[in-house]
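Q: What follows is protein.txt; its format and atoms are compact mmCIF, C-alpha atoms.
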```txt
# COMPACT_ATOMS: atom_id res chain seq x y z
CA MET A 1 129.06 133.46 122.76
CA ARG A 2 125.61 132.35 121.67
CA GLU A 3 124.86 135.75 120.18
CA TYR A 4 128.14 135.64 118.29
CA GLN A 5 127.24 132.21 116.83
CA GLN A 6 123.83 133.42 115.72
CA GLN A 7 125.36 136.50 114.12
CA TRP A 8 127.97 134.41 112.33
CA VAL A 9 125.26 132.06 110.99
CA LYS A 10 123.29 135.01 109.61
CA GLN A 11 126.38 136.42 107.92
CA ASN A 12 127.39 133.03 106.45
CA ARG A 13 124.01 131.54 105.64
CA GLU A 14 125.17 130.20 102.28
CA LYS A 15 128.13 128.40 103.84
CA VAL A 16 125.88 126.88 106.53
CA ARG A 17 123.38 125.73 103.91
CA GLU A 18 126.16 124.19 101.85
CA TYR A 19 127.52 122.40 104.94
CA TYR A 20 124.08 120.98 105.79
CA ASN A 21 123.50 119.84 102.21
CA ASN A 22 126.85 118.07 102.07
CA TYR A 23 126.26 116.41 105.43
CA TYR A 24 122.79 115.29 104.37
CA ALA A 25 124.10 113.85 101.11
CA LYS A 26 126.67 111.76 103.03
CA HIS A 27 124.41 110.72 105.94
CA ARG A 28 120.96 110.69 104.33
CA ASP A 29 119.67 107.51 106.03
CA GLU A 30 120.88 108.51 109.50
CA VAL A 31 119.33 111.97 109.22
CA ASN A 32 115.99 110.52 108.06
CA VAL A 33 115.93 107.98 110.91
CA ARG A 34 116.61 110.67 113.53
CA ALA A 35 113.98 112.96 112.00
CA ALA A 36 111.40 110.17 111.97
CA ALA A 37 112.19 109.34 115.61
CA ARG A 38 111.65 112.99 116.59
CA ARG A 39 108.31 113.06 114.76
CA ASP A 40 107.18 109.79 116.33
CA ALA A 41 108.16 110.99 119.79
CA ASP A 42 105.73 113.91 119.62
CA PRO A 43 103.01 113.18 117.01
CA ASP A 44 100.74 116.00 118.18
CA ARG A 45 103.45 118.58 117.70
CA THR A 46 104.30 117.14 114.30
CA LYS A 47 100.65 117.25 113.25
CA GLN A 48 100.33 120.85 114.39
CA ALA A 49 103.52 121.87 112.56
CA ARG A 50 102.30 120.30 109.32
CA LYS A 51 98.94 122.02 109.68
CA GLN A 52 100.62 125.38 110.18
CA TRP A 53 102.90 124.79 107.20
CA ALA A 54 99.89 123.91 105.03
CA GLU A 55 98.10 127.10 106.06
CA ARG A 56 101.16 129.19 105.20
CA ASN A 57 101.76 127.47 101.85
CA LYS A 58 98.31 127.01 100.31
CA ASP A 59 99.47 128.28 96.94
CA ARG A 60 102.46 125.96 97.00
CA ILE A 61 100.21 122.96 97.78
CA ALA A 62 97.82 123.88 94.98
CA GLU A 63 100.76 124.17 92.56
CA LEU A 64 102.09 120.75 93.59
CA GLN A 65 98.65 119.20 93.07
CA ARG A 66 98.31 120.79 89.62
CA ASN A 67 101.75 119.56 88.62
CA ARG A 68 100.92 116.07 89.80
CA ARG A 69 97.63 115.94 87.90
CA SER A 70 99.21 117.39 84.78
CA ASN A 71 100.56 113.90 84.12
CA PRO A 72 97.86 112.15 82.01
CA GLU A 73 98.62 108.72 83.48
CA THR A 74 98.33 110.00 87.06
CA TYR A 75 95.09 111.84 86.29
CA ARG A 76 93.55 108.75 84.61
CA SER A 77 94.57 106.52 87.51
CA GLU A 78 92.94 108.87 90.03
CA LEU A 79 89.73 109.00 87.99
CA ALA A 80 89.70 105.19 87.69
CA ALA A 81 90.26 104.77 91.43
CA ASN A 82 87.43 107.19 92.26
CA ALA A 83 85.07 105.43 89.84
CA ALA A 84 85.96 102.02 91.32
CA ALA A 85 85.27 103.32 94.83
CA ARG A 86 81.85 104.63 93.76
CA ARG A 87 80.98 101.29 92.09
CA LEU A 88 82.00 99.38 95.21
CA LYS A 89 79.89 101.69 97.38
CA ARG A 90 76.84 101.14 95.13
CA ARG A 91 77.31 97.35 95.12
CA LEU A 92 77.64 97.20 98.90
CA SER A 93 74.58 99.40 99.35
CA GLY A 94 72.57 97.30 96.89
CA ALA A 95 73.53 94.11 98.72
CA GLY A 96 72.54 95.58 102.09
CA LEU A 97 76.14 95.58 103.34
CA PRO A 98 77.85 98.34 105.30
CA PRO A 99 80.28 100.64 103.46
CA LYS A 100 83.95 99.78 103.31
CA ARG A 101 85.74 100.91 106.43
CA LEU A 102 89.15 102.51 106.05
CA HIS A 103 91.48 103.47 108.88
CA ALA A 104 93.86 106.23 107.89
CA ALA A 105 97.17 105.29 109.51
CA THR A 106 99.79 107.93 110.15
CA ALA A 107 103.42 107.49 109.16
CA ALA A 108 104.31 106.97 112.84
CA GLU A 109 101.74 104.15 113.12
CA ARG A 110 103.06 102.51 109.96
CA ARG A 111 106.64 102.66 111.22
CA ASN A 112 105.55 101.18 114.55
CA LYS A 113 103.81 98.32 112.72
CA GLU A 114 106.96 97.74 110.65
CA ARG A 115 109.07 97.53 113.82
CA GLU A 116 106.63 95.06 115.35
CA ALA A 117 106.67 92.99 112.16
CA ASP A 118 110.47 92.95 112.09
CA ALA A 119 110.56 91.82 115.71
CA PHE A 120 107.95 89.17 115.02
CA PHE A 121 109.58 87.65 111.94
CA SER A 122 113.08 87.76 113.44
CA ASP A 123 111.90 85.64 116.39
CA PRO A 124 113.73 82.24 116.24
CA THR A 125 110.68 80.48 117.73
CA LEU A 126 108.39 81.78 114.97
CA PRO A 127 107.76 78.44 113.13
CA GLU A 128 106.71 76.64 116.31
CA HIS A 129 104.74 79.69 117.45
CA LEU A 130 102.84 79.80 114.15
CA ARG A 131 102.19 76.05 114.34
CA GLN A 132 100.75 76.33 117.83
CA SER A 133 98.60 79.39 117.10
CA THR A 134 97.29 77.87 113.84
CA ALA A 135 96.46 74.56 115.48
CA PHE A 136 94.80 76.31 118.41
CA ALA A 137 92.62 78.47 116.14
CA GLU A 138 91.57 75.54 113.92
CA ILE A 139 90.67 73.23 116.81
CA LEU A 140 88.78 76.03 118.57
CA LYS A 141 86.66 76.60 115.45
CA GLU A 142 86.04 72.88 115.14
CA GLN A 143 85.04 72.65 118.80
CA MET A 144 82.57 75.55 118.60
CA LEU A 145 81.00 74.45 115.30
CA LYS A 146 80.54 70.90 116.58
CA ASN A 147 79.59 71.45 120.22
CA GLY A 148 78.70 75.14 120.42
CA ALA A 149 74.98 74.62 121.09
CA ARG A 150 75.59 72.13 123.91
CA MET A 151 78.25 74.34 125.48
CA ARG A 152 75.93 77.33 125.32
CA GLU A 153 73.24 75.35 127.16
CA PHE A 154 75.76 74.52 129.88
CA ALA A 155 76.84 78.17 130.10
CA GLU A 156 73.24 79.39 130.39
CA ALA A 157 72.61 76.92 133.22
CA TYR A 158 75.81 78.08 134.94
CA VAL A 159 74.84 81.74 134.65
CA ALA A 160 71.36 80.98 136.02
CA ALA A 161 72.90 79.08 138.97
CA ARG A 162 75.14 82.06 139.78
CA ALA A 163 72.13 84.35 139.72
CA ARG A 164 70.24 82.08 142.12
CA MET A 165 73.21 82.11 144.53
CA GLY A 166 73.43 85.91 144.41
CA LEU A 167 76.85 85.97 142.73
CA PRO A 168 77.86 88.76 140.33
CA PRO A 169 76.47 88.26 136.80
CA VAL A 170 78.68 87.04 133.97
CA LEU A 171 78.14 86.92 130.23
CA THR A 172 77.08 83.59 128.75
CA GLU A 173 79.37 84.11 125.76
CA ASP A 174 82.39 84.58 128.05
CA ILE A 175 81.64 81.30 129.83
CA VAL A 176 81.22 79.47 126.53
CA TYR A 177 84.56 80.56 125.11
CA ALA A 178 86.42 80.23 128.41
CA ARG A 179 85.33 76.59 128.57
CA ALA A 180 86.11 76.07 124.87
CA VAL A 181 89.62 77.51 125.31
CA GLY A 182 90.21 75.21 128.28
CA LEU A 183 89.10 72.14 126.35
CA VAL A 184 91.24 73.01 123.33
CA THR A 185 94.28 73.69 125.53
CA GLU A 186 93.91 70.21 127.05
CA ARG A 187 93.76 68.61 123.60
CA LEU A 188 96.89 70.28 122.23
CA ARG A 189 100.31 68.81 122.89
CA ARG A 190 102.10 72.17 123.17
CA VAL A 191 100.75 75.63 123.96
CA ASP A 192 103.77 77.09 125.76
CA LEU A 193 104.43 79.73 123.08
CA LEU A 194 100.85 81.00 122.89
CA SER A 195 100.22 84.44 124.31
CA SER A 196 97.00 86.06 125.45
CA ARG A 197 96.94 87.97 122.14
CA ASP A 198 97.04 84.67 120.21
CA VAL A 199 94.15 83.29 122.25
CA ALA A 200 92.13 86.50 121.84
CA ALA A 201 92.73 86.51 118.07
CA ALA A 202 91.64 82.87 117.83
CA VAL A 203 88.49 83.63 119.81
CA ARG A 204 87.66 86.63 117.58
CA GLY A 205 88.14 84.55 114.45
CA THR A 206 86.05 81.72 115.84
CA LYS A 207 83.23 84.08 116.80
CA ALA A 208 83.16 85.43 113.25
CA VAL A 209 83.07 81.91 111.76
CA VAL A 210 80.35 80.76 114.15
CA GLU A 211 78.33 83.92 113.47
CA GLN A 212 78.57 83.33 109.73
CA HIS A 213 77.68 79.65 110.13
CA GLU A 214 74.62 80.41 112.28
CA ARG A 215 73.52 83.13 109.89
CA LYS A 216 73.73 80.75 106.93
CA GLN A 217 71.81 78.08 108.85
CA GLN A 218 69.03 80.52 109.72
CA PHE A 219 68.94 81.82 106.13
CA ASP A 220 68.57 78.27 104.74
CA GLN A 221 65.92 77.42 107.34
CA LEU A 222 63.97 80.55 106.45
CA ILE A 223 64.02 79.67 102.75
CA ARG A 224 62.87 76.11 103.42
CA ALA A 225 60.10 77.33 105.73
CA LEU A 226 58.94 79.90 103.15
CA VAL A 227 58.87 77.27 100.40
CA VAL A 228 56.88 74.77 102.45
CA HIS A 229 54.51 77.40 103.86
CA SER A 230 53.86 78.95 100.45
CA GLN A 231 53.19 75.58 98.82
CA ARG A 232 50.86 74.39 101.57
CA ASN A 233 48.90 77.63 101.90
CA LEU A 234 48.99 78.98 98.36
CA ALA A 235 45.23 79.02 97.88
CA ARG A 236 44.57 80.80 101.16
CA LEU A 237 47.41 83.26 100.62
CA THR A 238 46.16 84.00 97.09
CA GLU A 239 42.69 84.81 98.42
CA GLU A 240 44.14 87.03 101.15
CA ALA A 241 46.32 88.77 98.54
CA ALA A 242 43.23 89.44 96.41
CA ILE A 243 41.39 90.87 99.45
CA GLU A 244 44.41 93.04 100.28
CA ASN A 245 44.55 94.38 96.71
CA LEU A 246 40.83 95.11 96.80
CA ALA A 247 41.26 97.03 100.05
CA ARG A 248 44.17 98.96 98.55
CA VAL A 249 42.06 99.97 95.55
CA GLN A 250 39.25 101.10 97.81
CA ARG A 251 41.70 103.25 99.79
CA GLY A 252 43.01 104.78 96.58
CA LYS A 253 46.33 102.99 96.66
CA PRO A 254 47.91 101.23 93.65
CA ARG A 255 47.61 97.47 93.29
CA VAL A 256 50.55 95.20 94.14
CA SER A 257 51.44 92.03 92.27
CA THR A 258 49.82 88.91 93.71
CA GLU A 259 53.17 87.14 94.05
CA SER A 260 54.63 89.99 96.11
CA LEU A 261 51.64 90.04 98.43
CA ILE A 262 51.74 86.25 98.82
CA LEU A 263 55.42 86.42 99.83
CA HIS A 264 54.76 89.35 102.15
CA LEU A 265 51.98 87.49 103.94
CA ALA A 266 53.91 84.22 104.02
CA THR A 267 57.01 85.93 105.43
CA GLN A 268 54.99 87.60 108.19
CA GLU A 269 53.61 84.21 109.21
CA VAL A 270 56.86 82.26 108.91
CA VAL A 271 59.02 84.62 110.99
CA GLN A 272 56.69 83.94 113.92
CA PHE A 273 58.02 80.39 114.32
CA VAL A 274 61.44 80.43 112.56
CA VAL A 275 64.53 81.74 114.37
CA THR A 276 65.89 84.83 112.60
CA SER A 277 67.98 86.41 115.35
CA LYS A 278 71.14 86.46 113.20
CA LEU A 279 69.46 87.72 110.03
CA THR A 280 69.12 91.29 108.88
CA ILE A 281 66.14 92.81 107.11
CA ALA A 282 68.12 92.55 103.88
CA ASP A 283 68.60 88.80 104.47
CA VAL A 284 64.86 88.28 104.94
CA ARG A 285 64.11 90.26 101.78
CA SER A 286 66.70 88.28 99.85
CA ALA A 287 65.16 84.98 100.98
CA ALA A 288 61.69 86.24 100.03
CA ARG A 289 62.89 87.28 96.56
CA PHE A 290 64.50 83.88 96.03
CA VAL A 291 61.32 82.02 97.00
CA LYS A 292 59.19 84.38 94.92
CA VAL A 293 61.15 83.73 91.73
CA ARG A 294 61.77 80.00 92.23
CA VAL A 295 58.51 78.86 93.85
CA VAL A 296 55.66 81.36 94.15
CA MET A 297 55.66 82.77 90.62
CA PRO A 298 55.63 79.32 88.92
CA LEU A 299 52.95 78.05 91.33
CA ALA A 300 50.81 81.18 90.94
CA SER A 301 51.12 80.94 87.16
CA HIS A 302 50.07 77.30 87.27
CA VAL A 303 47.05 78.11 89.44
CA ASP A 304 46.02 80.99 87.14
CA ASN A 305 46.29 78.74 84.07
CA GLY A 306 44.14 76.13 85.79
CA HIS A 307 41.48 78.70 86.60
CA GLN A 308 41.47 80.03 83.03
CA GLN A 309 41.22 76.51 81.58
CA ALA A 310 38.33 75.72 83.92
CA ARG A 311 36.52 78.87 82.77
CA ARG A 312 37.00 77.93 79.09
CA GLU A 313 35.64 74.37 79.47
CA PRO A 314 31.94 74.04 78.49
CA ILE A 315 29.44 73.06 81.14
CA SER A 316 28.04 69.66 80.39
```
How does the structure come out when it is put into structure tokens?

A:
Amino acid sequence: MREYQQQWVKQNREKVREYYNNYYAKHRDEVNVRAAARRDADPDRTKQARKQWAERNKDRIAELQRNRRSNPETYRSELAANAAARRLKRRLSGAGLPPKRLHAATAAERRNKEREADAFFSDPTLPEHLRQSTAFAEILKEQMLKNGARMREFAEAYVAARARMGLPPVLTEDIVYARAVGLVTERLRRVDLLSSRDVAAAVRGTKAVVEQHERKQQFDQLIRALVVHSQRNLARLTEEAAIENLARVQRGKPRVSTESLILHLATQEVVQFVVTSKLTIADVRSAARFVKVRVVMPLASHVDNGHQQARREPIS
């Protein structure tokens, strides 16, 4: 019977194709949903099938790409997008930032996210859930920004006590945020709709905010320390810069501007007593450039003018 069906299909291929086309035209959405479900059920097989199809139809793919780029608007938009991506990459690199990270999501992943979003927004408890999660995240940030240093001291003492008692080690950061979550939960009136994912997301967001806040504090402290140190020790640093330039000339190396050497020496001295654990090398260089332009160059110019005026004055 099966052989007869296969033979009949071969003999009536046009009729079968017409039947499938008519059915697809009437039930397009249902067919697409079933096909997507089959692809999502076995993504590896789908990926392999597409790869094999691409290998068999290289000329067809090239033709489709040429036809697509034959449209002037499409071609200009692709060139503009590529140029914008290159500009962004150069700006990030110049600012000492990492390149933009992109995660290529498959169609199955996108459909899964859409289903999760539909389930989330169709939840009747969504308004109260959003209120609780928003309040929890805001109060957690407030708690850590206000009392983070004191809580970290408590956590470090707790970790040290566990070590003295021979208990398994724990991370200080875990103790800090576990205690912070407990305190925030006690302050809130309702937390019954919060899930572990909500708490984890609030903790991740708070860590990012605290990290940024501490980095800004250290950056500002470094600038203030560089300004004060440069102003107080300008004469000594200028002499040391002159000695360094003289040594460079004797070794056959090119001279460096006095201001740059002053900042280099001042930065090496300042980082010995200023906390810079959250700062990158690019942050330190940015702070040094700021102080060089705003403080050192005007002061060095003033000192040079004073020396020149003193040399021009007659000796009485």

Q: Here is a test: counting all atoms listed in the file, which residue of A:Ala208, A:Arg28, A:Gln218, A:Met297 is nearest to Thr238 of chain A?

A: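 Comparing A:Ala208, A:Arg28, A:Gln218, A:Met297 against Thr238 of chain A, the winner is A:Met297.
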
Q: For Arg131 of chain A, find every residue with an atom within 12 Å (counting only C-alpha atoms), except residues of its own chain fewer than 3 positions away, and show them as a ChimeraX atom specification.

A: /A:125-128,134-138,188-194,198

Q: Provide the atom CA of Asn112 of chain A to atom CA of Ala37 of chain A distance in Å, to one decimal place.

A: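 Rounded to one decimal, the two atoms are 10.6 Å apart.
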
Q: Give me, please, the distance in Å between atom CA of Ala107 of chain A and atom CA of Ile61 of chain A, quoted to one decimal.

A: 19.5 Å

Q: So how far away is atom CA of Ala85 of chain A from atom CA of Leu102 of chain A, in Å?

A: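 These two atoms are separated by 11.9 Å.
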
Q: Can you report as lines of an AutoDock Vina configuration file the centre and edge lengths in Å, to one decimal, of an axis-aligned box around the listed atoms of segment 206-215 of chain A padded with 6 Å on each side?

A:
```
center_x = 79.8
center_y = 82.5
center_z = 113.3
size_x = 24.5
size_y = 17.8
size_z = 19.1
```

Q: Looking at only C-alpha atoms, which of A:Ala202, A:Ala155, A:Val284, A:Leu92 is the one that sits closest to Arg215 of chain A?

A: A:Val284

Q: Of the residues A:Val203, A:His213, A:Ala104, A:Val249, which is the one nearest to Lys146 of chain A, using only C-alpha atoms?

A: A:His213

Q: Contacts of Met151 of chain A at 12 Å or less, counting only C-alpha atoms, minus same-chain residues fewer than 5 places along, as a count of residues only?

A: 18

Q: Using all atoms listed in the file, pick whichever of A:Leu64, A:Ile243, A:Met165, A:Ala95 has the shortest atom-to-atom distance to Arg285 of chain A.

A: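 The answer is A:Ala95, which sits nearest to Arg285 of chain A.
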
Q: Within 10 Å of (111.6, 106.0, 111.6) in the file's own coordinates, which protein, DNA or RNA residues have an atom, counting all atoms listed in the file? List them as a list of chain:residue names.

A: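 Those residues, ordered by chain and then number, are A:Asp29, A:Glu30, A:Asn32, A:Val33, A:Arg34, A:Ala35, A:Ala36, A:Ala37, A:Arg38, A:Arg39, A:Asp40, A:Ala107, A:Ala108, A:Arg110, A:Arg111, A:Asn112, A:Glu114, A:Arg115.
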
Q: Rebuild segment 236-264 of chain A to N, CA and C atoms - output it as a CSV table (one decimal), keeping the file's coordinate frame, please.

A:
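Saved to part_36.csv:
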```csv
chain,number,residue,atom,x,y,z
A,236,ARG,N,45.0,79.8,100.2
A,236,ARG,CA,44.6,80.8,101.2
A,236,ARG,C,45.3,82.1,101.0
A,237,LEU,N,46.6,82.0,100.8
A,237,LEU,CA,47.4,83.3,100.6
A,237,LEU,C,47.0,84.0,99.4
A,238,THR,N,46.6,83.3,98.3
A,238,THR,CA,46.2,84.0,97.1
A,238,THR,C,44.9,84.8,97.4
A,239,GLU,N,43.9,84.1,98.1
A,239,GLU,CA,42.7,84.8,98.4
A,239,GLU,C,43.0,86.0,99.3
A,240,GLU,N,43.8,85.9,100.3
A,240,GLU,CA,44.1,87.0,101.2
A,240,GLU,C,44.8,88.1,100.4
A,241,ALA,N,45.7,87.8,99.4
A,241,ALA,CA,46.3,88.8,98.5
A,241,ALA,C,45.3,89.5,97.7
A,242,ALA,N,44.3,88.8,97.2
A,242,ALA,CA,43.2,89.4,96.4
A,242,ALA,C,42.4,90.4,97.3
A,243,ILE,N,42.1,90.0,98.5
A,243,ILE,CA,41.4,90.9,99.4
A,243,ILE,C,42.2,92.1,99.8
A,244,GLU,N,43.5,91.9,100.0
A,244,GLU,CA,44.4,93.0,100.3
A,244,GLU,C,44.5,94.0,99.1
A,245,ASN,N,44.5,93.5,97.9
A,245,ASN,CA,44.6,94.4,96.7
A,245,ASN,C,43.2,95.1,96.6
A,246,LEU,N,42.1,94.4,96.9
A,246,LEU,CA,40.8,95.1,96.8
A,246,LEU,C,40.7,96.2,97.8
A,247,ALA,N,41.3,96.0,99.0
A,247,ALA,CA,41.3,97.0,100.0
A,247,ALA,C,42.2,98.2,99.6
A,248,ARG,N,43.3,97.9,99.0
A,248,ARG,CA,44.2,99.0,98.6
A,248,ARG,C,43.5,99.8,97.5
A,249,VAL,N,42.8,99.2,96.6
A,249,VAL,CA,42.1,100.0,95.6
A,249,VAL,C,41.0,100.9,96.2
A,250,GLN,N,40.3,100.3,97.2
A,250,GLN,CA,39.2,101.1,97.8
A,250,GLN,C,39.8,102.3,98.6
A,251,ARG,N,41.1,102.1,99.1
A,251,ARG,CA,41.7,103.2,99.8
A,251,ARG,C,42.4,104.2,98.8
A,252,GLY,N,42.4,103.9,97.6
A,252,GLY,CA,43.0,104.8,96.6
A,252,GLY,C,44.5,104.5,96.4
A,253,LYS,N,44.9,103.4,96.8
A,253,LYS,CA,46.3,103.0,96.7
A,253,LYS,C,46.5,102.1,95.4
A,254,PRO,N,47.7,102.1,94.8
A,254,PRO,CA,47.9,101.2,93.6
A,254,PRO,C,47.9,99.7,94.0
A,255,ARG,N,47.6,98.9,93.1
A,255,ARG,CA,47.6,97.5,93.3
A,255,ARG,C,49.1,97.0,93.4
A,256,VAL,N,49.3,95.9,94.0
A,256,VAL,CA,50.6,95.2,94.1
A,256,VAL,C,50.4,93.8,93.5
A,257,SER,N,51.5,93.3,92.9
A,257,SER,CA,51.4,92.0,92.3
A,257,SER,C,51.1,91.0,93.3
A,258,THR,N,50.3,90.0,92.8
A,258,THR,CA,49.8,88.9,93.7
A,258,THR,C,51.0,88.1,94.3
A,259,GLU,N,52.0,87.9,93.5
A,259,GLU,CA,53.2,87.1,94.0
A,259,GLU,C,53.8,87.9,95.2
A,260,SER,N,54.0,89.2,95.1
A,260,SER,CA,54.6,90.0,96.1
A,260,SER,C,53.8,90.0,97.4
A,261,LEU,N,52.5,90.1,97.2
A,261,LEU,CA,51.6,90.0,98.4
A,261,LEU,C,51.7,88.7,99.1
A,262,ILE,N,51.7,87.6,98.3
A,262,ILE,CA,51.7,86.2,98.8
A,262,ILE,C,53.0,86.1,99.7
A,263,LEU,N,54.1,86.5,99.1
A,263,LEU,CA,55.4,86.4,99.8
A,263,LEU,C,55.4,87.3,101.1
A,264,HIS,N,54.8,88.5,101.0
A,264,HIS,CA,54.8,89.4,102.2
A,264,HIS,C,54.0,88.7,103.3
```
